[in-house]
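Everything on this sheet refers to the single structure shown next.
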Amino acid sequence: MDKYIISIVGPTGIGKTSLSIKLATYFKTEIISADSRQFYKEIPIGTAAPSNEEQKAIIHHFIHNKSILDKYSVGDFEREAIECITTIHKHNPIVVLVGGSGLYVQAVLEGLDDFPEVSANIRTQLNTEFKTNGIQGLQKELKTLDPIAYEAIALDNPHRVIRALEICRGTGKAYSGFLNKEKKKRNFKTIQIGLTAERSLVYERINRRVDLMIAKGLVDEVKSVLEHKHLNALNTVGYKEVFRYLEGHCSLDSATEEIKKNSRRFAKRQFTWFKRQDKTKWYDHRAPIEEILAYINKMLSCT
RNA sequence: GGCGUCUUGGCCGAGUGGCUAGGCAGAGGUCUGCAAAACCUUUUACAGCGGUUCGAAUCCGCUAGACGCCU
């Protein structure tokens, strides 16, 4: 029997969690989360992770399974997620995948090329070099170590340059050489659902949700992780703004406004990312569940 | 009522006769291990009317509005 993943994407605050639970309930299955911040158990409020009740109703994987102190990457996630999906598929043909992190969804659905693990020190070193000497030196190094990547990647983007270089330095081979190996075979089919709404409505929902987060105690949550503010996991909307407030750089009101603004921008980028997946069937966030189920059942039966 | 200062794109703001400031917000986009991250692109505006000039956001006049001071 064929195995399936029902993937749900969309901007933050659109109602993915709620839909995923309905679908998982209907198909009596489990949920794989592909959200790069909901992994972290220390920060449930600001990441709008599923509530305890929601998690009790349906088994959620990759929610609060990590600490902000852990090292974690998309590559790790891809491996763990595929393993988890394979296990569920042994006794259930359908798995629900839900998440707003485009790259993480892509990693599960299509797979990333395999890169050797390189020491974290290399990146630390590269970051230091970048901070002290700027990007030019790194660009030059990339040009000699990997001319193909030099042509292909956004040279203005330090993250991209540093990533390519850490592979070059760590392996002694060109970063680009690891790219575009034969497509990974996934032993499941995917049904992709997108949730959308008018932009103004999405923004309204975001604004409201941020107020709700504050009311639920976001500030205390941020306080509890303040000492770790430099961690990547906390370079996150909702946290970086409140850090500024806690350190006396701005009022709570202006921090709240910043969170709203940055969340709106995040949603905009999510639209940009998900728009390019042309296999996605889009639904208005108010679409009745029956309509979505009809589509899914049609897709399930036509194979 | 009189006198003075001011009026630049959604907002802030530089510009004092010819050389599209800049920033913010917004919008569009990129994306193979930091991804809620990081990065890229982007809107020719000078209150209105008239005048001077080859040429006016910039000089002159009138009108309107804002602010201040005086009566």
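Just so we're on the same page: first chain in the structure tokens is A, next is B, and so on; residues restart at 1 for each chain, and ligands are numbered from 1 in the order they show up.
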With the cut-off set at 6 Å and counting only C-alpha atoms (C1' of nucleotides), tabulate each residue of chain B with an atom at most that distance from an atom of chain A, showing the nearest atom pair and its distance in Å to one decimal, ordered by chain and increasing number, as a Markdown table.
| residue | atom | partner | partner_atom | distance |
| --- | --- | --- | --- | --- |
| B:U32 | C1' | A:Leu112 | CA | 5.4 |
| B:G33 | C1' | A:Ser73 | CA | 4.9 |
| B:A36 | C1' | A:Thr236 | CA | 5.1 |
| B:A38 | C1' | A:His159 | CA | 5.7 |
| B:C39 | C1' | A:Asn157 | CA | 4.7 |
Store the residues picked out above, limited to N, CA and C atoms (P, O5', C5', C4', C3', O3' and C1' of nucleotides), as an mmCIF file, in the first residue's frame.
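Listing of selection_28.cif after writing:
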data_model
loop_
_atom_site.group_PDB
_atom_site.id
_atom_site.type_symbol
_atom_site.label_atom_id
_atom_site.label_comp_id
_atom_site.auth_asym_id
_atom_site.auth_seq_id
_atom_site.Cartn_x
_atom_site.Cartn_y
_atom_site.Cartn_z
ATOM 1 P P U B 32 20.511 27.535 -1.145
ATOM 2 O "O5'" U B 32 19.879 26.164 -0.648
ATOM 3 C "C5'" U B 32 19.320 26.091 0.648
ATOM 4 C "C4'" U B 32 19.845 24.858 1.330
ATOM 5 C "C3'" U B 32 21.360 24.818 1.390
ATOM 6 O "O3'" U B 32 21.773 24.311 2.645
ATOM 7 C "C1'" U B 32 20.556 22.925 0.236
ATOM 8 P P G B 33 22.918 24.921 3.425
ATOM 9 O "O5'" G B 33 22.629 24.274 4.850
ATOM 10 C "C5'" G B 33 21.463 24.625 5.595
ATOM 11 C "C4'" G B 33 21.738 24.303 7.020
ATOM 12 C "C3'" G B 33 23.159 24.611 7.442
ATOM 13 O "O3'" G B 33 23.118 25.057 8.797
ATOM 14 C "C1'" G B 33 22.699 22.346 7.867
ATOM 15 P P A B 36 12.231 29.648 10.064
ATOM 16 O "O5'" A B 36 12.253 31.084 10.722
ATOM 17 C "C5'" A B 36 12.085 32.254 9.933
ATOM 18 C "C4'" A B 36 11.840 33.407 10.878
ATOM 19 C "C3'" A B 36 12.984 33.649 11.844
ATOM 20 O "O3'" A B 36 12.984 35.003 12.244
ATOM 21 C "C1'" A B 36 11.105 32.947 13.053
ATOM 22 P P A B 38 18.943 37.977 11.216
ATOM 23 O "O5'" A B 38 19.737 37.780 9.844
ATOM 24 C "C5'" A B 38 21.098 37.396 9.868
ATOM 25 C "C4'" A B 38 21.539 37.005 8.480
ATOM 26 C "C3'" A B 38 21.316 38.053 7.397
ATOM 27 O "O3'" A B 38 22.307 39.060 7.426
ATOM 28 C "C1'" A B 38 20.593 35.960 6.602
ATOM 29 P P C B 39 21.977 40.543 6.977
ATOM 30 O "O5'" C B 39 21.757 40.386 5.402
ATOM 31 C "C5'" C B 39 22.843 40.038 4.572
ATOM 32 C "C4'" C B 39 22.372 39.627 3.212
ATOM 33 C "C3'" C B 39 21.655 40.684 2.390
ATOM 34 O "O3'" C B 39 22.548 41.624 1.848
ATOM 35 C "C1'" C B 39 20.529 38.631 2.169
#
Q: List every residue of stretch 169-254 of chain A that DSSP, applied to the backbone of this structure, places in alpha helix (DSSP H), and write the result as a ChimeraX atom specification.
A: /A:169-171,199-215,218-224,240-246,252-254
Keeping only N, CA and C atoms, write the selected residues as an mmCIF file, in the first residue's frame.
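Now in part_12.cif:
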data_model
loop_
_atom_site.group_PDB
_atom_site.id
_atom_site.type_symbol
_atom_site.label_atom_id
_atom_site.label_comp_id
_atom_site.auth_asym_id
_atom_site.auth_seq_id
_atom_site.Cartn_x
_atom_site.Cartn_y
_atom_site.Cartn_z
ATOM 1 N N ARG A 169 36.643 24.365 3.785
ATOM 2 C CA ARG A 169 37.747 24.222 4.741
ATOM 3 C C ARG A 169 37.702 22.883 5.464
ATOM 4 N N GLY A 170 36.505 22.466 5.830
ATOM 5 C CA GLY A 170 36.366 21.266 6.648
ATOM 6 C C GLY A 170 36.620 19.986 5.879
ATOM 7 N N THR A 171 36.364 20.010 4.582
ATOM 8 C CA THR A 171 36.495 18.775 3.807
ATOM 9 C C THR A 171 37.668 18.823 2.835
ATOM 10 N N ARG A 199 -3.991 39.349 2.757
ATOM 11 C CA ARG A 199 -2.847 39.818 3.521
ATOM 12 C C ARG A 199 -3.267 40.596 4.773
ATOM 13 N N SER A 200 -4.231 41.496 4.596
ATOM 14 C CA SER A 200 -4.632 42.332 5.731
ATOM 15 C C SER A 200 -5.192 41.485 6.873
ATOM 16 N N LEU A 201 -5.850 40.417 6.520
ATOM 17 C CA LEU A 201 -6.433 39.543 7.533
ATOM 18 C C LEU A 201 -5.338 38.768 8.267
ATOM 19 N N VAL A 202 -4.348 38.305 7.487
ATOM 20 C CA VAL A 202 -3.219 37.603 8.094
ATOM 21 C C VAL A 202 -2.541 38.517 9.111
ATOM 22 N N TYR A 203 -2.373 39.776 8.708
ATOM 23 C CA TYR A 203 -1.690 40.718 9.589
ATOM 24 C C TYR A 203 -2.514 40.998 10.848
ATOM 25 N N GLU A 204 -3.819 41.111 10.674
ATOM 26 C CA GLU A 204 -4.680 41.311 11.843
ATOM 27 C C GLU A 204 -4.555 40.161 12.823
ATOM 28 N N ARG A 205 -4.576 38.951 12.275
ATOM 29 C CA ARG A 205 -4.468 37.767 13.136
ATOM 30 C C ARG A 205 -3.137 37.757 13.866
ATOM 31 N N ILE A 206 -2.092 38.131 13.163
ATOM 32 C CA ILE A 206 -0.773 38.175 13.792
ATOM 33 C C ILE A 206 -0.762 39.178 14.934
ATOM 34 N N ASN A 207 -1.268 40.368 14.661
ATOM 35 C CA ASN A 207 -1.286 41.398 15.699
ATOM 36 C C ASN A 207 -2.025 40.915 16.940
ATOM 37 N N ARG A 208 -3.145 40.285 16.705
ATOM 38 C CA ARG A 208 -3.943 39.802 17.831
ATOM 39 C C ARG A 208 -3.192 38.717 18.596
ATOM 40 N N ARG A 209 -2.538 37.852 17.854
ATOM 41 C CA ARG A 209 -1.850 36.745 18.512
ATOM 42 C C ARG A 209 -0.677 37.229 19.353
ATOM 43 N N VAL A 210 -0.018 38.265 18.877
ATOM 44 C CA VAL A 210 1.101 38.807 19.652
ATOM 45 C C VAL A 210 0.602 39.386 20.976
ATOM 46 N N ASP A 211 -0.507 40.124 20.910
ATOM 47 C CA ASP A 211 -1.084 40.639 22.160
ATOM 48 C C ASP A 211 -1.408 39.495 23.119
ATOM 49 N N LEU A 212 -1.902 38.429 22.545
ATOM 50 C CA LEU A 212 -2.255 37.267 23.346
ATOM 51 C C LEU A 212 -1.007 36.646 23.994
ATOM 52 N N MET A 213 0.069 36.593 23.229
ATOM 53 C CA MET A 213 1.318 36.040 23.774
ATOM 54 C C MET A 213 1.793 36.851 24.976
ATOM 55 N N ILE A 214 1.706 38.164 24.838
ATOM 56 C CA ILE A 214 2.103 39.033 25.947
ATOM 57 C C ILE A 214 1.217 38.734 27.156
ATOM 58 N N ALA A 215 -0.081 38.618 26.910
ATOM 59 C CA ALA A 215 -1.019 38.345 27.999
ATOM 60 C C ALA A 215 -0.744 36.996 28.657
ATOM 61 N N LEU A 218 4.583 36.117 27.908
ATOM 62 C CA LEU A 218 5.791 36.038 27.082
ATOM 63 C C LEU A 218 6.992 36.683 27.769
ATOM 64 N N VAL A 219 6.743 37.825 28.427
ATOM 65 C CA VAL A 219 7.866 38.538 29.042
ATOM 66 C C VAL A 219 8.579 37.660 30.077
ATOM 67 N N ASP A 220 7.809 36.957 30.898
ATOM 68 C CA ASP A 220 8.430 36.069 31.886
ATOM 69 C C ASP A 220 9.191 34.938 31.202
ATOM 70 N N GLU A 221 8.595 34.439 30.125
ATOM 71 C CA GLU A 221 9.267 33.369 29.393
ATOM 72 C C GLU A 221 10.622 33.851 28.870
ATOM 73 N N VAL A 222 10.620 35.052 28.323
ATOM 74 C CA VAL A 222 11.866 35.588 27.779
ATOM 75 C C VAL A 222 12.871 35.832 28.916
ATOM 76 N N LYS A 223 12.345 36.322 30.045
ATOM 77 C CA LYS A 223 13.207 36.545 31.205
ATOM 78 C C LYS A 223 13.931 35.258 31.598
ATOM 79 N N SER A 224 13.208 34.164 31.508
ATOM 80 C CA SER A 224 13.770 32.890 31.962
ATOM 81 C C SER A 224 14.907 32.390 31.066
ATOM 82 N N LYS A 240 14.059 38.385 20.561
ATOM 83 C CA LYS A 240 15.052 39.445 20.425
ATOM 84 C C LYS A 240 14.472 40.804 20.791
ATOM 85 N N GLU A 241 13.181 41.012 20.506
ATOM 86 C CA GLU A 241 12.563 42.302 20.830
ATOM 87 C C GLU A 241 12.384 42.468 22.337
ATOM 88 N N VAL A 242 11.983 41.387 23.003
ATOM 89 C CA VAL A 242 11.764 41.485 24.450
ATOM 90 C C VAL A 242 13.102 41.574 25.202
ATOM 91 N N PHE A 243 14.141 40.967 24.647
ATOM 92 C CA PHE A 243 15.463 41.155 25.251
ATOM 93 C C PHE A 243 15.788 42.643 25.343
ATOM 94 N N ARG A 244 15.501 43.345 24.286
ATOM 95 C CA ARG A 244 15.793 44.779 24.248
ATOM 96 C C ARG A 244 15.005 45.524 25.338
ATOM 97 N N TYR A 245 13.754 45.112 25.484
ATOM 98 C CA TYR A 245 12.936 45.727 26.536
ATOM 99 C C TYR A 245 13.507 45.408 27.915
ATOM 100 N N LEU A 246 13.822 44.143 28.134
ATOM 101 C CA LEU A 246 14.326 43.732 29.453
ATOM 102 C C LEU A 246 15.642 44.425 29.786
ATOM 103 N N LEU A 252 7.888 48.375 26.716
ATOM 104 C CA LEU A 252 7.232 47.112 26.370
ATOM 105 C C LEU A 252 6.319 47.303 25.159
ATOM 106 N N ASP A 253 5.674 48.476 25.117
ATOM 107 C CA ASP A 253 4.791 48.750 23.982
ATOM 108 C C ASP A 253 5.537 48.730 22.663
ATOM 109 N N SER A 254 6.678 49.383 22.640
ATOM 110 C CA SER A 254 7.387 49.427 21.363
ATOM 111 C C SER A 254 7.975 48.054 21.037
#
Q | Closest of B:U16, B:U30, B:U41, B:U71 to B:A56 - atom-to-atom distances counting only C-alpha atoms (C1' of nucleotides) | A | B:U16
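With only C-alpha atoms (C1' of nucleotides) as the atoms that count, the minimum distance from B:U5 to the choices B:C67, B:C59, B:A37, B:C19 is reached by B:C67.
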Q.
Just want the 8 Å neighbourhood of stretch 22-25 of chain B, counted on only C-alpha atoms (C1' of nucleotides), with same-chain residues fewer than 4 positions away dropped. Output as a VMD selection string.
A. chain B and resid 10 to 14
Q | All residues 12 Å or closer to B:A47, only C-alpha atoms (C1' of nucleotides), same chain fewer than 4 positions away omitted, as an MDAnalysis selection string | A | chainID B and resid 6:8 57 63:66
Residues as selected, N, CA and C atoms (P, O5', C5', C4', C3', O3' and C1' of nucleotides), written as a short mmCIF file (atom, residue, chain, number, x, y, z; two decimals), in the first residue's frame, can you do that?
data_model
loop_
_atom_site.label_atom_id
_atom_site.label_comp_id
_atom_site.auth_asym_id
_atom_site.auth_seq_id
_atom_site.Cartn_x
_atom_site.Cartn_y
_atom_site.Cartn_z
P C B 6 12.15 79.98 7.75
"O5'" C B 6 11.07 78.80 7.75
"C5'" C B 6 11.37 77.55 8.40
"C4'" C B 6 10.10 76.75 8.61
"C3'" C B 6 9.50 76.10 7.37
"O3'" C B 6 10.18 74.90 7.04
"C1'" C B 6 7.78 77.06 8.68
P U B 7 10.16 74.42 5.50
"O5'" U B 7 8.67 73.84 5.34
"C5'" U B 7 8.27 72.66 6.07
"C4'" U B 7 6.82 72.35 5.69
"C3'" U B 7 6.65 71.87 4.25
"O3'" U B 7 5.91 70.65 4.19
"C1'" U B 7 5.22 73.73 4.72
P U B 8 6.55 69.32 4.63
"O5'" U B 8 7.29 68.91 3.29
"C5'" U B 8 6.56 68.78 2.07
"C4'" U B 8 7.48 68.25 1.02
"C3'" U B 8 7.90 66.79 1.20
"O3'" U B 8 6.94 65.91 0.63
"C1'" U B 8 9.81 68.10 0.79
P A B 57 11.66 72.62 -9.34
"O5'" A B 57 11.46 72.30 -7.79
"C5'" A B 57 10.30 72.76 -7.09
"C4'" A B 57 10.62 72.95 -5.64
"C3'" A B 57 11.51 74.15 -5.34
"O3'" A B 57 10.73 75.30 -5.13
"C1'" A B 57 12.35 72.21 -4.25
P U B 63 -2.39 87.48 0.08
"O5'" U B 63 -2.94 86.02 -0.24
"C5'" U B 63 -4.13 85.85 -1.00
"C4'" U B 63 -4.41 84.38 -1.23
"C3'" U B 63 -4.44 83.52 0.03
"O3'" U B 63 -5.68 83.61 0.71
"C1'" U B 63 -3.13 82.44 -1.59
P A B 64 -5.74 83.43 2.28
"O5'" A B 64 -5.49 81.86 2.43
"C5'" A B 64 -6.44 80.92 1.93
"C4'" A B 64 -5.92 79.51 2.08
"C3'" A B 64 -5.47 79.14 3.49
"O3'" A B 64 -6.56 78.79 4.30
"C1'" A B 64 -3.85 78.43 1.93
P G B 65 -6.49 79.03 5.88
"O5'" G B 65 -5.46 77.91 6.33
"C5'" G B 65 -5.84 76.52 6.32
"C4'" G B 65 -4.64 75.66 6.61
"C3'" G B 65 -3.96 75.92 7.96
"O3'" G B 65 -4.62 75.26 9.02
"C1'" G B 65 -2.32 75.79 6.27
P A B 66 -4.43 75.80 10.51
"O5'" A B 66 -2.94 75.36 10.82
"C5'" A B 66 -2.62 73.99 11.07
"C4'" A B 66 -1.17 73.87 11.45
"C3'" A B 66 -0.74 74.73 12.63
"O3'" A B 66 -1.05 74.12 13.86
"C1'" A B 66 0.81 74.98 10.87
#
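Distance-wise, atom CA of A:Pro11 and atom CA of A:Gly194 end up 9.0 Å apart.
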Give the strand (DSSP E) residues of stretch 153-198 of chain A, as assigned by DSSP on the backbone, as a PDB file with C-alpha atoms, in the first residue's frame.
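Output contents, as saved in states35.pdb:
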ATOM      1  CA  LYS A 189       3.767  10.396  -1.861  1.00  0.00           C
ATOM      2  CA  THR A 190       2.895  13.888  -0.793  1.00  0.00           C
ATOM      3  CA  ILE A 191      -0.327  15.819  -0.732  1.00  0.00           C
ATOM      4  CA  GLN A 192       0.425  19.478  -0.223  1.00  0.00           C
ATOM      5  CA  ILE A 193      -2.098  21.832   1.316  1.00  0.00           C
ATOM      6  CA  GLY A 194      -1.530  25.557   1.711  1.00  0.00           C
ATOM      7  CA  LEU A 195      -3.519  27.779   4.022  1.00  0.00           C
ATOM      8  CA  THR A 196      -3.907  31.385   3.021  1.00  0.00           C
TER       9      THR A 196
END
**Q.** Residues within 9 Å of stretch 52-62 of chain A, only C-alpha atoms (C1' of nucleotides), excluding chain neighbours under 5 positions, as a ChimeraX atom specification
**A.** /A:17-18,21,24-25,28-35,38-40,77,81,84
Store the residues picked out above in a file with C-alpha atoms, as a PDB file, in the first residue's frame.
ATOM      1  CA  THR A  17      -1.938  23.721  13.939  1.00  0.00           C
ATOM      2  CA  SER A  18      -5.692  23.540  14.174  1.00  0.00           C
ATOM      3  CA  ILE A  21      -5.034  18.280  14.379  1.00  0.00           C
ATOM      4  CA  ALA A  24      -4.667  13.810  12.115  1.00  0.00           C
ATOM      5  CA  THR A  25      -7.817  13.069  14.071  1.00  0.00           C
ATOM      6  CA  LYS A  28      -6.181   8.582  13.115  1.00  0.00           C
ATOM      7  CA  THR A  29      -2.532   9.393  12.725  1.00  0.00           C
ATOM      8  CA  GLU A  30       0.304  11.494  14.144  1.00  0.00           C
ATOM      9  CA  ILE A  31       1.816  14.872  13.389  1.00  0.00           C
ATOM     10  CA  ILE A  32       5.348  15.722  12.363  1.00  0.00           C
ATOM     11  CA  SER A  33       6.128  19.352  13.056  1.00  0.00           C
ATOM     12  CA  ALA A  34       8.482  21.179  10.718  1.00  0.00           C
ATOM     13  CA  ASP A  35       8.875  24.338  12.705  1.00  0.00           C
ATOM     14  CA  GLN A  38       8.882  24.827  18.223  1.00  0.00           C
ATOM     15  CA  PHE A  39      11.565  22.204  18.826  1.00  0.00           C
ATOM     16  CA  TYR A  40      12.705  24.112  21.834  1.00  0.00           C
ATOM     17  CA  PHE A  77      16.017  17.285  11.437  1.00  0.00           C
ATOM     18  CA  ALA A  81      12.038  13.209  10.684  1.00  0.00           C
ATOM     19  CA  CYS A  84      10.125   8.979  12.534  1.00  0.00           C
TER      20      CYS A  84
END
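Distance check against B:U43 using only C-alpha atoms (C1' of nucleotides): of B:G26, B:G17, B:G2, B:G61, the minimum falls on B:G26.
Between atom CA of A:Arg186 and atom CA of A:His91 there is a distance of 17.4 Å.
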Q.
Can you measure atom C1' of B:G4 to atom C1' of B:G68 for me? One decimal in Å is fine.
A. 7.9 Å
Q: Find the residue from A:Val108, A:Gln277, A:Tyr4, A:Lys268 that sits nearest to B:A27; use only C-alpha atoms (C1' of nucleotides) when measuring.
A: A:Lys268
Q.
Can you tell me which residues surround stretch 129-131 of chain A at a distance of at most 9 Å, considering only C-alpha atoms (C1' of nucleotides), apart from same-chain residues fewer than 6 positions away, and format the answer as a VMD selection string?
A. chain A and resid 137 to 138 158 162
